[in-house]
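In what follows, a structure is listed as structure tokens, so that the remarks can point back to it.
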Amino acid sequence: MTDILLLEDNKELNTLMCAFLEKAGYQVKGIETGEEAMEWLEQEQAKLLILDVMLSGMDGFAVCSAIREKSSVPILFLSARVEKEAKMSGFALGADDYIEKPVDMDILLAKVQALMKRNYDLKQKNTLLHSGALSIDKESRQVFLDGKELTLTVKEYELLLLLVENPGKTLHKDFLFGKIWGMDSFSENQTLTVHIKMLRDKIEEDSKHPKRIQTVWGVGYKYEEIS
């Protein structure tokens, strides 16, 4: 996936902005017409769109409107139109930010970085859970140990996630059972014991002497983070 799609019909400015953003570490696709941008987006994807408003043919507002029908990708408008009404129109169409021309490259980069962080870095931090060599991707429901994906059942995954999200806390057997299977479940608490054993077999170096999932005798289990 490309980081940034830049739609700017001034060829010289397009080249300059692409070079500046690429120097900052972004992969950029420069395009000069709205029609070409829409064609490109039918086949490719970008994390962020920078759209010039005033274009011959399909302008930036029209591109934004078409994109918003099917995507929530962050959109930053570029425009020499500085009047309040133009900005309000842009935001009404779904723009995330607006920068005036002539473009201040440092301001442009700051806005790009802010949008990227807000829409990707922060979301990723909320969906990826790291615990030493163990990683859990909550969005895809995948678990990795030392970079290798583990095969877990639905209940194993839910149980592991609950434990990892509460490191160092002793969780009572009844609490764990109720959260994962439900108190009205026909399963018995022995089911929990069996699933703990299966998890240990998959994530512990020595399942008979577990370091991650520890038993608190007479109470329940607690998860300890190890490298």
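Chain lettering (A, B, ...) mirrors the order of the structure tokens, residue numbering begins at 1 for each chain separately, and ligand numbering begins at 1 in order of display.
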request  = Mind checking which residues fall within 6 Å of Tyr26 in chain A, counting only C-alpha atoms, ignoring those fewer than 3 positions away in the same chain, and posting them as a count of residues only?
outcome  = 3
request  = Record the distance separating CA of Asp9 in chain A and CA of Lys117 in chain A, expressed in Å with one decimal.
outcome  =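 Those two atoms sit 27.2 Å apart.
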message = Taking only range 68-122 of chain A into account, list the residues labelled alpha helix (DSSP H) by DSSP (computed from the backbone), as a list of chain:residue names.
response = A:Arg68, A:Lys84, A:Glu85, A:Ala86, A:Lys87, A:Met88, A:Ser89, A:Gly90, A:Phe91, A:Ala92, A:Leu93, A:Met105, A:Asp106, A:Ile107, A:Leu108, A:Leu109, A:Ala110, A:Lys111, A:Val112, A:Gln113, A:Ala114, A:Leu115, A:Met116, A:Leu122
ask   = If you count only C-alpha atoms, which residues fall within 10 Å of Ser65 in chain A, apart from same-chain ones fewer than 2 positions away, as a list in words?
value =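 Those residues are Gly60, Phe61, Ala62, Val63, Ile67, Arg68, Glu69, Lys70, Gly90, Ala92, Leu93, Gly94 and Ala95 of chain A.
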key: Separation of CA of Asn126 in chain A from CA of Thr193 in chain A in Å   = 29.4 Å
task = Can you work out the spacing between CA of Asp121 in chain A and CA of Pro74 in chain A in Å, to one decimal?
result =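 Between CA of Asp121 in chain A and CA of Pro74 in chain A the gap is 13.3 Å.
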Rows by chain and residue number, range 159-194 of chain A within 10 Å of range 133-141 of chain A, shortest pair, only C-alpha atoms, as a tab-separated table:
```
residue	atom	partner	partner_atom	distance
A:Leu160	CA	A:Ile136	CA	9.2
A:Leu161	CA	A:Ile136	CA	7.6
A:Val164	CA	A:Ile136	CA	9.0
```
inquiry  = Taking only C-alpha atoms into account, name the residue in A:Val28, A:Leu128, A:Leu171, A:Met198 that is nearest to Glu156 in chain A.
reply    =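 Under the stated criterion, the closest residue is A:Met198.
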ask   = If you count only C-alpha atoms, which residues fall within 12 Å of Phe77 in chain A, apart from same-chain ones fewer than 5 positions away, as a VMD selection string?
value = chain A and resid 5 to 8 48 to 54 59 to 64 82 86 to 91 93 to 101 103 108 111 to 112
request  = Name the residues in contact with Arg212 in chain A at a cut-off of 7 Å, using only C-alpha atoms, excluding same-chain residues fewer than 6 positions from it; report them as number ranges by chain.
outcome  = A: 204, 223-226
task = Write out as a PyMOL selection string all residues of chain A that backbone DSSP assigns to strand (DSSP E or B).
result = chain A and resi 2-7+28-31+46-52+75-79+97-100+128-131+134-137+142-145+148-150+167+170-172+213-216+220-223
message = Excluding Leu163 in chain A and its own-chain neighbours fewer than 4 positions away, which residues fall within 7 Å of it when counting only C-alpha atoms? Please give them as a ChimeraX atom specification.
response = /A:159,167,222-223
Given the selection you just returned, output its residues as a file containing N, CA and C atoms, formatted as a PDB file, in the first residue's frame.
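Produced file part15.pdb, reproduced below:
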```
ATOM      1  N   LEU A 159      -9.372 -16.733  26.155  1.00  0.00           N
ATOM      2  CA  LEU A 159      -8.809 -16.926  27.489  1.00  0.00           C
ATOM      3  C   LEU A 159      -7.423 -16.294  27.585  1.00  0.00           C
ATOM      4  N   PRO A 167      -2.063  -8.435  33.265  1.00  0.00           N
ATOM      5  CA  PRO A 167      -0.794  -8.998  33.748  1.00  0.00           C
ATOM      6  C   PRO A 167      -0.603  -8.769  35.253  1.00  0.00           C
ATOM      7  N   LYS A 222      -2.867 -16.361  37.190  1.00  0.00           N
ATOM      8  CA  LYS A 222      -2.410 -15.019  36.845  1.00  0.00           C
ATOM      9  C   LYS A 222      -1.372 -15.126  35.738  1.00  0.00           C
ATOM     10  N   TYR A 223      -1.316 -14.060  34.938  1.00  0.00           N
ATOM     11  CA  TYR A 223      -0.377 -14.036  33.810  1.00  0.00           C
ATOM     12  C   TYR A 223       0.790 -13.133  34.156  1.00  0.00           C
TER      13      TYR A 223
END
```
